[in-house]
$ cat final.cif   # mmCIF, C-alpha atoms and all ligand atoms
data_protein
#
loop_
_atom_site.label_atom_id
_atom_site.label_comp_id
_atom_site.auth_asym_id
_atom_site.auth_seq_id
_atom_site.Cartn_x
_atom_site.Cartn_y
_atom_site.Cartn_z
CA MET W 18 15.52 -18.43 -19.93
CA LYS W 19 15.12 -22.02 -18.82
CA ILE W 20 16.84 -21.61 -15.44
CA PHE W 21 13.68 -20.18 -13.86
CA ASP W 22 11.68 -23.28 -14.80
CA GLU W 23 14.52 -25.54 -13.75
CA ILE W 24 15.29 -24.35 -10.24
CA GLU W 25 13.11 -21.46 -9.13
CA SER W 26 10.30 -22.41 -6.77
CA GLU W 27 6.70 -22.78 -7.87
CA VAL W 28 5.84 -20.02 -5.41
CA GLN W 29 6.52 -17.37 -8.08
CA SER W 30 3.48 -15.20 -8.78
CA TYR W 31 4.13 -11.94 -10.67
CA ALA W 32 6.65 -13.75 -12.88
CA ARG W 33 3.87 -15.99 -14.16
CA VAL W 34 1.67 -13.08 -15.13
CA PHE W 35 4.49 -11.07 -16.72
CA PRO W 36 6.69 -13.80 -18.22
CA ARG W 37 9.66 -11.79 -19.47
CA VAL W 38 13.23 -11.36 -18.26
CA PHE W 39 13.59 -7.75 -17.19
CA ASN W 40 16.98 -6.16 -16.97
CA ARG W 41 16.61 -2.39 -16.79
CA ALA W 42 14.25 0.14 -15.29
CA LYS W 43 13.88 3.89 -15.29
CA GLY W 44 11.14 6.09 -13.83
CA GLU W 45 7.81 4.58 -14.83
CA PHE W 46 9.37 2.10 -17.27
CA LEU W 47 10.72 -1.44 -17.16
CA PHE W 48 12.70 -2.94 -20.05
CA ASP W 49 13.09 -6.61 -20.91
CA GLU W 50 16.14 -8.35 -22.32
CA GLU W 51 14.92 -7.82 -25.85
CA GLY W 52 14.83 -4.10 -25.16
CA ARG W 53 11.04 -3.93 -25.13
CA GLN W 54 9.66 -1.13 -22.98
CA TYR W 55 6.82 -1.57 -20.50
CA LEU W 56 4.93 1.09 -18.63
CA ASP W 57 4.91 0.01 -15.00
CA PHE W 58 1.52 0.36 -13.28
CA LEU W 59 2.52 -2.25 -10.71
CA ALA W 60 5.35 -0.20 -9.25
CA GLY W 61 6.76 -2.91 -7.02
CA ALA W 62 3.31 -3.38 -5.46
CA GLY W 63 3.55 0.12 -4.03
CA THR W 64 7.30 0.22 -3.40
CA LEU W 65 8.23 2.48 -6.29
CA ASN W 66 6.16 5.57 -5.58
CA TYR W 67 9.12 7.69 -6.74
CA GLY W 68 9.79 5.51 -9.80
CA HIS W 69 12.59 3.13 -10.69
CA ASN W 70 16.16 4.31 -10.09
CA ASN W 71 15.10 7.83 -9.22
CA PRO W 72 18.17 9.86 -10.27
CA LEU W 73 18.02 12.13 -7.22
CA PHE W 74 18.29 9.22 -4.82
CA LYS W 75 20.73 7.32 -7.01
CA GLU W 76 23.21 10.16 -6.85
CA LYS W 77 23.04 10.28 -3.04
CA LEU W 78 23.36 6.51 -2.83
CA LEU W 79 26.35 6.37 -5.17
CA ASP W 80 28.11 9.14 -3.21
CA TYR W 81 27.44 7.26 0.00
CA ILE W 82 28.81 3.99 -1.41
CA ASN W 83 31.84 5.73 -2.92
CA ASN W 84 32.65 7.17 0.50
CA ASP W 85 32.47 3.72 2.11
CA GLY W 86 29.40 4.65 4.14
CA ILE W 87 28.10 1.89 6.42
CA THR W 88 26.04 -0.65 4.46
CA HIS W 89 24.83 -2.94 7.21
CA GLY W 90 24.55 -1.67 10.73
CA LEU W 91 22.29 -3.95 12.82
CA ASP W 92 20.75 -1.38 15.17
CA LEU W 93 23.96 0.56 15.72
CA HIS W 94 23.77 4.33 15.71
CA THR W 95 25.04 5.44 12.32
CA LYS W 96 25.29 8.88 10.77
CA ALA W 97 22.88 7.86 8.01
CA LYS W 98 20.30 6.66 10.51
CA GLY W 99 20.66 9.76 12.68
CA GLU W 100 20.21 12.05 9.67
CA LEU W 101 17.15 10.14 8.54
CA LEU W 102 15.59 10.34 12.00
CA GLU W 103 16.20 14.08 12.13
CA THR W 104 14.68 14.62 8.71
CA PHE W 105 11.71 12.38 9.47
CA ASN W 106 11.07 14.24 12.71
CA GLU W 107 11.48 17.73 11.26
CA LYS W 108 9.70 17.26 7.91
CA ILE W 109 7.16 14.52 8.50
CA LEU W 110 6.24 14.25 12.18
CA LYS W 111 6.55 17.78 13.57
CA PRO W 112 4.66 19.63 10.80
CA ARG W 113 1.78 17.21 11.41
CA ASN W 114 1.94 17.61 15.19
CA MET W 115 2.73 13.92 15.51
CA GLU W 116 4.73 12.71 18.47
CA TYR W 117 5.87 9.15 17.86
CA VAL W 118 8.81 6.88 18.68
CA VAL W 119 10.38 5.17 15.66
CA GLN W 120 11.16 1.46 15.85
CA PHE W 121 13.34 -0.03 13.11
CA THR W 122 12.17 -3.57 12.43
CA GLY W 123 13.27 -6.19 9.92
CA PRO W 124 12.88 -4.56 6.52
CA THR W 125 9.53 -5.98 5.34
CA GLY W 126 5.98 -4.84 5.88
CA THR W 127 5.06 -8.06 7.61
CA ASN W 128 7.86 -7.59 10.13
CA ALA W 129 6.58 -4.14 11.04
CA VAL W 130 3.08 -5.59 11.46
CA GLU W 131 4.42 -8.38 13.69
CA ALA W 132 6.13 -5.80 15.88
CA ALA W 133 3.05 -3.56 16.01
CA MET W 134 0.84 -6.45 17.14
CA LYS W 135 3.39 -7.52 19.75
CA ILE W 136 3.60 -4.02 21.21
CA ALA W 137 -0.19 -3.80 21.44
CA ARG W 138 -0.47 -7.21 23.11
CA ASN W 139 2.37 -6.67 25.54
CA VAL W 140 1.30 -3.19 26.61
CA THR W 141 -2.38 -4.02 27.10
CA GLY W 142 -1.97 -7.58 28.35
CA GLN W 143 -4.70 -8.68 25.91
CA GLN W 144 -4.15 -11.18 23.10
CA ASN W 145 -6.96 -10.54 20.71
CA ILE W 146 -6.46 -8.22 17.72
CA VAL W 147 -9.46 -7.09 15.68
CA THR W 148 -8.83 -7.31 11.95
CA PHE W 149 -11.07 -6.72 8.95
CA THR W 150 -12.55 -8.68 6.08
CA ASN W 151 -10.33 -8.42 2.99
CA GLY W 152 -7.46 -7.03 5.07
CA PHE W 153 -3.91 -7.87 4.01
CA HIS W 154 -1.07 -7.47 6.48
CA GLY W 155 1.59 -9.92 5.31
CA VAL W 156 2.23 -13.65 5.34
CA SER W 157 4.42 -14.40 8.38
CA LEU W 158 2.27 -16.21 10.94
CA GLY W 159 1.29 -13.31 13.20
CA SER W 160 0.44 -11.03 10.31
CA LEU W 161 -1.19 -13.87 8.39
CA ALA W 162 -3.64 -14.27 11.24
CA ALA W 163 -4.68 -10.70 10.50
CA THR W 164 -4.82 -11.28 6.72
CA GLY W 165 -8.16 -12.36 5.26
CA ASN W 166 -7.25 -14.04 1.97
CA ALA W 167 -7.85 -17.81 2.08
CA HIS W 168 -5.15 -18.59 -0.51
CA HIS W 169 -2.51 -17.12 1.78
CA ARG W 170 -4.05 -18.36 5.04
CA ASN W 171 -4.32 -21.93 3.78
CA ALA W 172 -0.56 -22.06 3.30
CA ALA W 173 0.08 -21.43 7.02
CA GLY W 174 0.12 -25.10 7.97
CA VAL W 175 -0.96 -24.30 11.53
CA SER W 176 -4.04 -22.69 12.96
CA LEU W 177 -3.87 -18.93 12.93
CA SER W 178 -4.87 -17.45 16.23
CA GLY W 179 -5.07 -14.29 18.28
CA THR W 180 -7.28 -12.31 15.92
CA HIS W 181 -10.99 -11.70 15.45
CA ARG W 182 -12.39 -10.55 12.13
CA MET W 183 -14.97 -7.79 11.71
CA PRO W 184 -16.69 -6.47 8.58
CA TYR W 185 -14.77 -3.62 6.90
CA ASP W 186 -16.51 -0.47 5.73
CA GLY W 187 -19.01 -1.35 2.99
CA TYR W 188 -18.79 -5.10 3.56
CA LEU W 189 -22.45 -5.36 4.55
CA GLY W 190 -23.61 -2.94 1.89
CA GLU W 191 -24.00 0.78 1.63
CA GLY W 192 -25.35 2.72 4.57
CA ILE W 193 -24.40 0.10 7.16
CA ASP W 194 -21.82 1.39 9.60
CA THR W 195 -20.00 -1.76 10.68
CA THR W 196 -18.33 0.04 13.58
CA VAL W 197 -21.74 -0.06 15.30
CA TYR W 198 -21.43 -3.85 15.34
CA LEU W 199 -17.89 -3.62 16.69
CA ASP W 200 -19.08 -1.29 19.45
CA LYS W 201 -21.93 -3.67 20.27
CA VAL W 202 -19.77 -6.79 20.60
CA LEU W 203 -17.18 -4.97 22.66
CA THR W 204 -19.90 -3.70 24.99
CA ASP W 205 -21.58 -7.09 25.40
CA SER W 206 -19.69 -9.36 27.80
CA SER W 207 -21.51 -12.35 26.25
CA SER W 208 -20.62 -11.53 22.64
CA GLY W 209 -17.94 -14.21 22.73
CA ILE W 210 -15.31 -11.79 21.55
CA ASN W 211 -12.45 -11.29 23.94
CA SER W 212 -11.51 -7.76 24.82
CA PRO W 213 -8.95 -6.81 22.16
CA ALA W 214 -5.50 -5.29 22.52
CA ALA W 215 -5.87 -3.43 19.24
CA VAL W 216 -7.68 -2.97 15.98
CA ILE W 217 -5.48 -3.13 12.87
CA VAL W 218 -6.80 -1.44 9.76
CA GLU W 219 -5.79 -0.29 6.28
CA THR W 220 -7.46 3.00 5.33
CA VAL W 221 -7.48 1.72 1.74
CA GLN W 222 -7.24 -2.05 1.36
CA GLY W 223 -4.69 -2.67 -1.38
CA GLU W 224 -4.49 -6.42 -1.83
CA GLY W 225 -8.11 -6.78 -0.72
CA GLY W 226 -9.45 -4.96 -3.80
CA ILE W 227 -8.75 -1.22 -3.36
CA ASN W 228 -11.52 -0.74 -0.82
CA ALA W 229 -11.31 2.76 0.57
CA ALA W 230 -12.90 3.23 3.97
CA SER W 231 -14.92 6.42 4.30
CA PHE W 232 -13.54 9.14 6.56
CA ASP W 233 -16.64 8.86 8.76
CA TRP W 234 -16.14 5.13 9.21
CA LEU W 235 -12.49 5.62 10.16
CA LYS W 236 -13.43 8.33 12.65
CA ASN W 237 -16.13 6.11 14.13
CA LEU W 238 -13.62 3.28 14.36
CA GLN W 239 -11.29 5.49 16.36
CA THR W 240 -14.18 6.54 18.61
CA VAL W 241 -15.08 2.89 19.30
CA CYS W 242 -11.42 2.08 20.01
CA ARG W 243 -11.09 4.98 22.46
CA LYS W 244 -14.38 4.10 24.16
CA HIS W 245 -13.23 0.54 24.84
CA GLY W 246 -9.57 1.28 25.57
CA VAL W 247 -8.43 -0.53 22.41
CA LEU W 248 -5.32 0.61 20.55
CA LEU W 249 -5.69 1.69 16.93
CA ILE W 250 -3.04 0.43 14.51
CA VAL W 251 -3.06 1.88 11.00
CA ASP W 252 -1.17 -0.38 8.61
CA ASP W 253 0.12 2.21 6.15
CA VAL W 254 2.58 -0.14 4.46
CA GLN W 255 0.90 0.25 1.07
CA ALA W 256 -1.35 3.29 1.45
CA GLY W 257 1.33 5.43 3.11
CA CYS W 258 4.27 7.43 1.70
CA GLY W 259 2.04 9.60 -0.49
CA ARG W 260 -0.03 6.98 -2.30
CA THR W 261 -3.36 8.53 -1.29
CA GLY W 262 -2.17 12.11 -1.77
CA THR W 263 -0.76 12.86 1.67
CA TYR W 264 2.28 11.36 3.38
CA PHE W 265 0.15 9.28 5.75
CA SER W 266 -3.10 7.92 4.36
CA PHE W 267 -5.10 9.06 7.41
CA GLU W 268 -3.97 12.70 7.53
CA GLU W 269 -7.10 14.18 6.02
CA VAL W 270 -9.33 11.87 8.04
CA GLY W 271 -8.24 13.53 11.24
CA ILE W 272 -7.59 10.38 13.24
CA GLU W 273 -4.59 9.79 15.47
CA PRO W 274 -3.50 6.14 15.42
CA ASP W 275 -1.64 4.78 18.43
CA ILE W 276 0.62 2.71 16.19
CA ILE W 277 1.51 3.07 12.49
CA THR W 278 3.38 0.67 10.23
CA LEU W 279 5.32 1.88 7.18
CA SER W 280 7.44 0.05 4.61
CA LYS W 281 7.35 -0.36 0.79
CA SER W 282 8.02 3.19 -0.54
CA LEU W 283 9.55 4.38 2.74
CA GLY W 284 13.08 3.63 1.49
CA GLY W 285 12.31 5.56 -1.69
CA TYR W 286 14.57 3.64 -4.02
CA GLY W 287 12.92 0.24 -3.67
CA LEU W 288 15.36 -0.76 -0.94
CA PRO W 289 13.95 -2.91 1.89
CA PHE W 290 13.02 -0.83 4.92
CA ALA W 291 10.23 -0.86 7.51
CA VAL W 292 9.37 0.99 10.70
CA VAL W 293 6.76 1.07 13.41
CA LEU W 294 5.73 4.43 14.80
CA MET W 295 4.22 4.30 18.26
CA LYS W 296 3.01 6.77 20.83
CA PRO W 297 5.89 7.27 23.31
CA GLU W 298 4.02 5.68 26.24
CA LEU W 299 3.67 2.44 24.24
CA ASP W 300 7.42 2.08 23.81
CA GLN W 301 7.79 -0.49 26.56
CA TRP W 302 10.17 -2.78 24.69
CA LYS W 303 13.06 -4.35 26.54
CA PRO W 304 16.34 -4.20 24.61
CA GLY W 305 16.39 -6.55 21.62
CA GLU W 306 13.01 -8.14 22.40
CA HIS W 307 11.99 -7.69 18.80
CA ASN W 308 15.14 -7.74 16.70
CA GLY W 309 16.26 -8.64 13.18
CA THR W 310 19.63 -8.74 11.45
CA PHE W 311 18.52 -6.38 8.70
CA ARG W 312 17.14 -3.54 10.82
CA GLY W 313 20.03 -1.38 9.73
CA ASN W 314 19.81 -1.11 5.94
CA ASN W 315 21.73 2.16 5.77
CA PHE W 316 21.39 2.45 1.99
CA ALA W 317 17.66 2.70 2.54
CA PHE W 318 18.19 5.35 5.24
CA VAL W 319 20.11 7.46 2.73
CA THR W 320 17.48 7.16 0.00
CA ALA W 321 14.57 7.53 2.45
CA LYS W 322 16.04 10.83 3.63
CA ALA W 323 16.55 11.97 0.04
CA ALA W 324 12.91 11.12 -0.73
CA ILE W 325 11.63 13.16 2.21
CA ASP W 326 13.97 16.08 1.48
CA HIS W 327 13.02 16.25 -2.16
CA TYR W 328 9.33 15.39 -2.17
CA TRP W 329 8.00 16.20 1.28
CA SER W 330 9.67 19.47 2.33
CA ASP W 331 6.54 21.33 1.23
CA GLY W 332 3.08 20.61 -0.19
CA THR W 333 4.00 20.66 -3.90
CA PHE W 334 4.26 16.91 -4.38
CA SER W 335 1.03 16.26 -2.51
CA LYS W 336 -0.78 18.67 -4.84
CA GLU W 337 0.72 16.90 -7.85
CA ILE W 338 -0.51 13.52 -6.61
CA LYS W 339 -4.00 14.90 -6.08
CA ARG W 340 -4.02 16.45 -9.56
CA LYS W 341 -3.08 13.15 -11.18
CA ALA W 342 -5.49 11.28 -8.91
CA CYS W 343 -8.32 13.46 -10.16
CA TYR W 344 -7.42 12.55 -13.72
CA ILE W 345 -7.34 8.83 -12.90
CA SER W 346 -10.77 8.92 -11.23
CA GLN W 347 -12.33 10.82 -14.11
CA ARG W 348 -10.95 8.40 -16.67
CA LEU W 349 -11.98 5.31 -14.69
CA GLU W 350 -15.50 6.68 -14.17
CA ILE W 351 -15.89 7.13 -17.90
CA ILE W 352 -14.43 3.72 -18.70
CA ALA W 353 -16.79 2.07 -16.20
CA LYS W 354 -19.79 3.79 -17.80
CA LYS W 355 -18.68 3.09 -21.33
CA TYR W 356 -17.85 -0.60 -21.09
CA GLY W 357 -19.19 -1.90 -17.79
CA GLU W 358 -22.82 -2.45 -18.81
CA GLY W 359 -23.79 -1.11 -15.43
CA ASN W 360 -21.61 -3.64 -13.60
CA PHE W 361 -18.20 -1.98 -13.38
CA THR W 362 -17.48 0.31 -10.45
CA THR W 363 -14.51 2.46 -9.54
CA ARG W 364 -12.87 2.53 -6.16
CA GLY W 365 -9.95 3.89 -4.18
CA ARG W 366 -8.43 7.17 -3.14
CA GLY W 367 -5.57 9.30 -4.47
CA MET W 368 -3.32 7.41 -6.87
CA PHE W 369 -4.53 4.18 -5.30
CA GLN W 370 -7.46 3.33 -7.51
CA GLY W 371 -9.14 0.33 -9.04
CA LEU W 372 -11.71 -0.70 -11.59
CA ASN W 373 -13.98 -3.43 -10.24
CA CYS W 374 -14.81 -5.66 -13.20
CA VAL W 375 -16.82 -8.03 -10.98
CA SER W 376 -15.31 -11.09 -12.66
CA GLY W 377 -11.73 -12.21 -12.04
CA GLU W 378 -11.66 -13.81 -15.46
CA LEU W 379 -12.53 -10.53 -17.13
CA ALA W 380 -10.07 -8.48 -15.06
CA GLY W 381 -7.37 -11.06 -15.85
CA ALA W 382 -8.11 -10.88 -19.57
CA ILE W 383 -7.85 -7.09 -19.42
CA THR W 384 -4.48 -7.09 -17.64
CA LYS W 385 -3.18 -9.81 -19.99
CA SER W 386 -4.16 -7.84 -23.05
CA SER W 387 -2.64 -4.68 -21.50
CA PHE W 388 0.63 -6.53 -20.97
CA GLN W 389 0.71 -7.49 -24.63
CA LYS W 390 0.40 -3.78 -25.39
CA GLY W 391 3.31 -2.87 -23.13
CA LEU W 392 1.64 -2.13 -19.79
CA ILE W 393 2.34 -3.97 -16.56
CA ILE W 394 -0.75 -3.83 -14.36
CA GLU W 395 -2.09 -6.34 -11.84
CA THR W 396 -5.42 -7.35 -10.37
CA SER W 397 -6.40 -7.46 -6.71
CA GLY W 398 -9.33 -8.48 -4.52
CA ALA W 399 -10.66 -11.78 -3.22
CA ASP W 400 -11.38 -13.04 -6.76
CA ASP W 401 -8.75 -10.91 -8.54
CA HIS W 402 -11.67 -8.97 -9.99
CA VAL W 403 -10.25 -5.46 -9.57
CA VAL W 404 -7.78 -3.94 -12.04
CA LYS W 405 -5.35 -2.11 -9.80
CA PHE W 406 -3.88 1.21 -10.94
CA LEU W 407 -0.71 1.73 -8.91
CA CYS W 408 1.65 3.67 -11.17
CA PRO W 409 4.62 5.55 -9.70
CA LEU W 410 3.49 8.89 -8.26
CA ILE W 411 6.13 10.70 -10.33
CA ILE W 412 4.72 9.45 -13.64
CA SER W 413 4.47 12.06 -16.39
CA ASP W 414 1.02 13.23 -17.48
CA GLU W 415 1.69 11.81 -20.92
CA ASN W 416 2.52 8.34 -19.65
CA LEU W 417 -0.35 8.33 -17.18
CA LYS W 418 -2.70 9.00 -20.05
CA LYS W 419 -0.95 6.40 -22.20
CA GLY W 420 -1.26 3.69 -19.55
CA ILE W 421 -4.96 4.31 -19.03
CA ASP W 422 -5.45 4.44 -22.82
CA ILE W 423 -3.93 0.96 -23.03
CA VAL W 424 -6.28 -0.37 -20.37
CA GLU W 425 -9.24 1.25 -22.13
CA GLN W 426 -8.22 -0.27 -25.45
CA SER W 427 -7.86 -3.69 -23.79
CA ILE W 428 -11.27 -3.39 -22.15
CA LYS W 429 -12.74 -2.42 -25.50
CA GLU W 430 -11.32 -5.56 -27.08
CA VAL W 431 -12.15 -7.87 -24.20
CA CYS W 432 -15.67 -6.58 -23.56
CA ALA W 433 -16.46 -6.02 -27.23
CA LYS W 434 -19.33 -3.78 -26.18
CA GLU W 435 -19.10 -0.04 -25.97
CA LYS W 436 -21.75 2.35 -24.80
CA ASN W 437 -22.09 5.69 -26.47
CA ILE W 438 -21.19 8.27 -23.90
CA PRO W 439 -22.48 11.83 -24.42
CA GLU W 440 -19.90 14.08 -26.06
CA GLU W 441 -19.28 16.33 -23.10
CA ILE W 442 -18.14 13.38 -20.96
CA ASN W 443 -16.09 11.94 -23.76
CA PHE W 444 -14.01 15.08 -24.05
CA PHE W 445 -12.54 14.68 -20.58
CA ASP W 446 -9.16 15.90 -21.78
CA ARG W 447 -10.58 19.35 -22.25
CA PHE W 448 -11.75 19.61 -18.67
CA CYS W 449 -9.14 17.56 -16.98
CA VAL W 450 -6.46 19.17 -14.90
CA VAL W 451 -3.83 16.94 -16.49
CA ASN W 452 -2.35 18.37 -19.64
CA ALA W 453 -1.06 15.34 -21.44
C1 LIG Y 501 -1.07 -3.14 4.01
C2 LIG Y 501 0.05 -4.13 3.93
N1 LIG Y 501 0.62 -4.56 5.06
C3 LIG Y 501 1.63 -5.43 5.06
C4 LIG Y 501 2.12 -5.94 3.87
C5 LIG Y 501 3.25 -6.93 3.88
O1 LIG Y 501 4.42 -6.36 3.40
P1 LIG Y 501 5.62 -7.29 2.94
O2 LIG Y 501 5.18 -7.98 1.68
O3 LIG Y 501 6.76 -6.35 2.71
O4 LIG Y 501 5.88 -8.24 4.04
C6 LIG Y 501 1.56 -5.53 2.66
C7 LIG Y 501 2.05 -6.06 1.37
O5 LIG Y 501 1.47 -5.93 0.33
C8 LIG Y 501 0.48 -4.61 2.69
O6 LIG Y 501 -0.09 -4.19 1.57
#

$ encode --input "final.cif" --output "structure tokens" --more "lines below"
Ligand SMILES: Cc1ncc(COP(=O)(O)O)c(C=O)c1O
Amino acid sequence: MKIFDEIESEVQSYARVFPRVFNRAKGEFLFDEEGRQYLDFLAGAGTLNYGHNNPLFKEKLLDYINNDGITHGLDLHTKAKGELLETFNEKILKPRNMEYVVQFTGPTGTNAVEAAMKIARNVTGQQNIVTFTNGFHGVSLGSLAATGNAHHRNAAGVSLSGTHRMPYDGYLGEGIDTTVYLDKVLTDSSSGINSPAAVIVETVQGEGGINAASFDWLKNLQTVCRKHGVLLIVDDVQAGCGRTGTYFSFEEVGIEPDIITLSKSLGGYGLPFAVVLMKPELDQWKPGEHNGTFRGNNFAFVTAKAAIDHYWSDGTFSKEIKRKACYISQRLEIIAKKYGEGNFTTRGRGMFQGLNCVSGELAGAITKSSFQKGLIIETSGADDHVVKFLCPLIISDENLKKGIDIVEQSIKEVCAKEKNIPEEINFFDRFCVVNA
């Protein structure tokens, strides 16, 4: 279709890598105009954890629309919003002993991050926010100051201020706990680093290359924050809503962030929706100080409630994610050994995993070849060197296997070198918990 070349902006990105016109989607599949089917391992960059057009949510949404439920509500109290808040409190917060106030922001991840940083600054009276190497928090100016990627930062057009960058876990090599450095500079009044309002962190860096911080590092980070009276913000926009195996990505770590941002899969159906969760004492907003016309996307409230009711009323879904995650890690480990010539490594946590191919060119060739075979999968990391496995969490065992098979086949073709792996490793299917 020529219209895209004629009048759509050059800013397009995914459309360049997957140059088809898509017109239908279901579960873990996308279909183009020619009726060709693609397995979707991109999943709306983490927005489609429950798949495309999940029938359970669609039914609720259609009922709601048919009954002329409120579509747009600013921040008015609506029945749909009230019911979502009740469900979120009863099924997500209370069972986890979490006491938080919910702030509805504009419906994007970056808007939630902007609000989180404002709260931290206004409550503490400090401007500086500590951010991490390879962190990604969005591209509006406040969030962009917290984002590491030069490609995005260079587009700002103004200097980005109010943040100070520290090395993320693993940045200085194995065995170096970078929180020790953070502690040191916060202790030293001559370090040149202003006392921060908050630290903002992703427990698994999605756009930054699927870097998963260790639980120890995250705990140490919280300890340093507490010691210096610095608020801890966990940006769970991509890692949250089940991606790592639990609803929040930090649950098994045992930390208690002061502020949490959620978006992407929060709405369940792919509808725009974002919130900030904050400890009650931090809720010092004056009415309307941080507002936004689209804070009241009631369709998203309906589908978000349906997602929680269906998938998070007990631990079944979480177990399912972990089972599939185990399969993904086993397969990626084998692929890395077989084709990586000692260079490939695997990374990530839960169903948020990546294959580090070291070279962006190589990773790009692999995803391109996969696309030709009917799989949509993207790369991430500073040099786009990590193949990012982000399929919907509800994917069937069969299609999970199929998608990884396609990547393996593509790697085989692109790398043209295969190492003989001992039989017992090769027969992973026999040992794996996934029965494809
Ligand atoms: C951790 C994290 N925070 C914030 C954002 C920004 O979200 P949005 O693109 O909806 O503004 C993203 C987007 O990928 C993200 O991964």

$ atom_distance --input "final.cif" --atom1 "atom CA of Ile210 of chain W" --atom2 "atom CA of Glu131 of chain W"
21.5 Å

$ atom_distance --input "final.cif" --atom1 "atom CA of His181 of chain W" --atom2 "atom CA of Ala163 of chain W"
8.1 Å

$ residues_around --input "final.cif" --residues "segment 227-239 of chain W" --least-positions-apart "4" --cutoff "6 Å" --atoms "only C-alpha atoms" --output "PyMOL selection string"
chain W and resi 186+196+220-223+270+365+371

$ write_last_selection --input "final.cif" --atoms "C-alpha atoms" --output "PDB file, keeping the file's coordinate frame"
ATOM      1  CA  ASP W 186     -16.510  -0.470   5.730  1.00  0.00           C
ATOM      2  CA  THR W 196     -18.330   0.040  13.580  1.00  0.00           C
ATOM      3  CA  THR W 220      -7.460   3.000   5.330  1.00  0.00           C
ATOM      4  CA  VAL W 221      -7.480   1.720   1.740  1.00  0.00           C
ATOM      5  CA  GLN W 222      -7.240  -2.050   1.360  1.00  0.00           C
ATOM      6  CA  GLY W 223      -4.690  -2.670  -1.380  1.00  0.00           C
ATOM      7  CA  VAL W 270      -9.330  11.870   8.040  1.00  0.00           C
ATOM      8  CA  GLY W 365      -9.950   3.890  -4.180  1.00  0.00           C
ATOM      9  CA  GLY W 371      -9.140   0.330  -9.040  1.00  0.00           C
TER      10      GLY W 371
END

$ residues_around --input "final.cif" --residues "Lys43 of chain W" --least-positions-apart "5" --cutoff "12 Å" --atoms "all atoms listed in the file" --output "JSON, numbers by chain"
{"W": [48, 49, 54, 55, 56, 57, 60, 65, 67, 68, 69, 70, 71, 72, 75, 286, 409, 411, 412]}

$ closest_residue --input "final.cif" --among "W:Phe153, W:Phe35, W:Phe121, W:Phe316" --to "Lys96 of chain W" --atoms "only C-alpha atoms"
W:Phe316

$ axis_aligned_box --input "final.cif" --around "segment 27-42 of chain W" --padding-each-side "8 Å" --output "JSON"
{"center_x": 9.3, "center_y": -11.3, "center_z": -12.4, "size_x": 31.3, "size_y": 38.9, "size_z": 30.1}

$ closest_residue --input "final.cif" --among "W:Val202, W:Ile193, W:Ile87, W:Val293" --to "ligand LIG 501 (chain Y)" --atoms "all atoms listed in the file"
W:Val293

$ residues_near_ligand --input "final.cif" --ligand "ligand LIG 501 (chain Y)" --cutoff "10 Å" --atoms "all atoms listed in the file" --output "PyMOL selection string"
chain W and resi 61-64+123-131+152-157+160-161+163-164+217-225+251-257+278-281+289-291
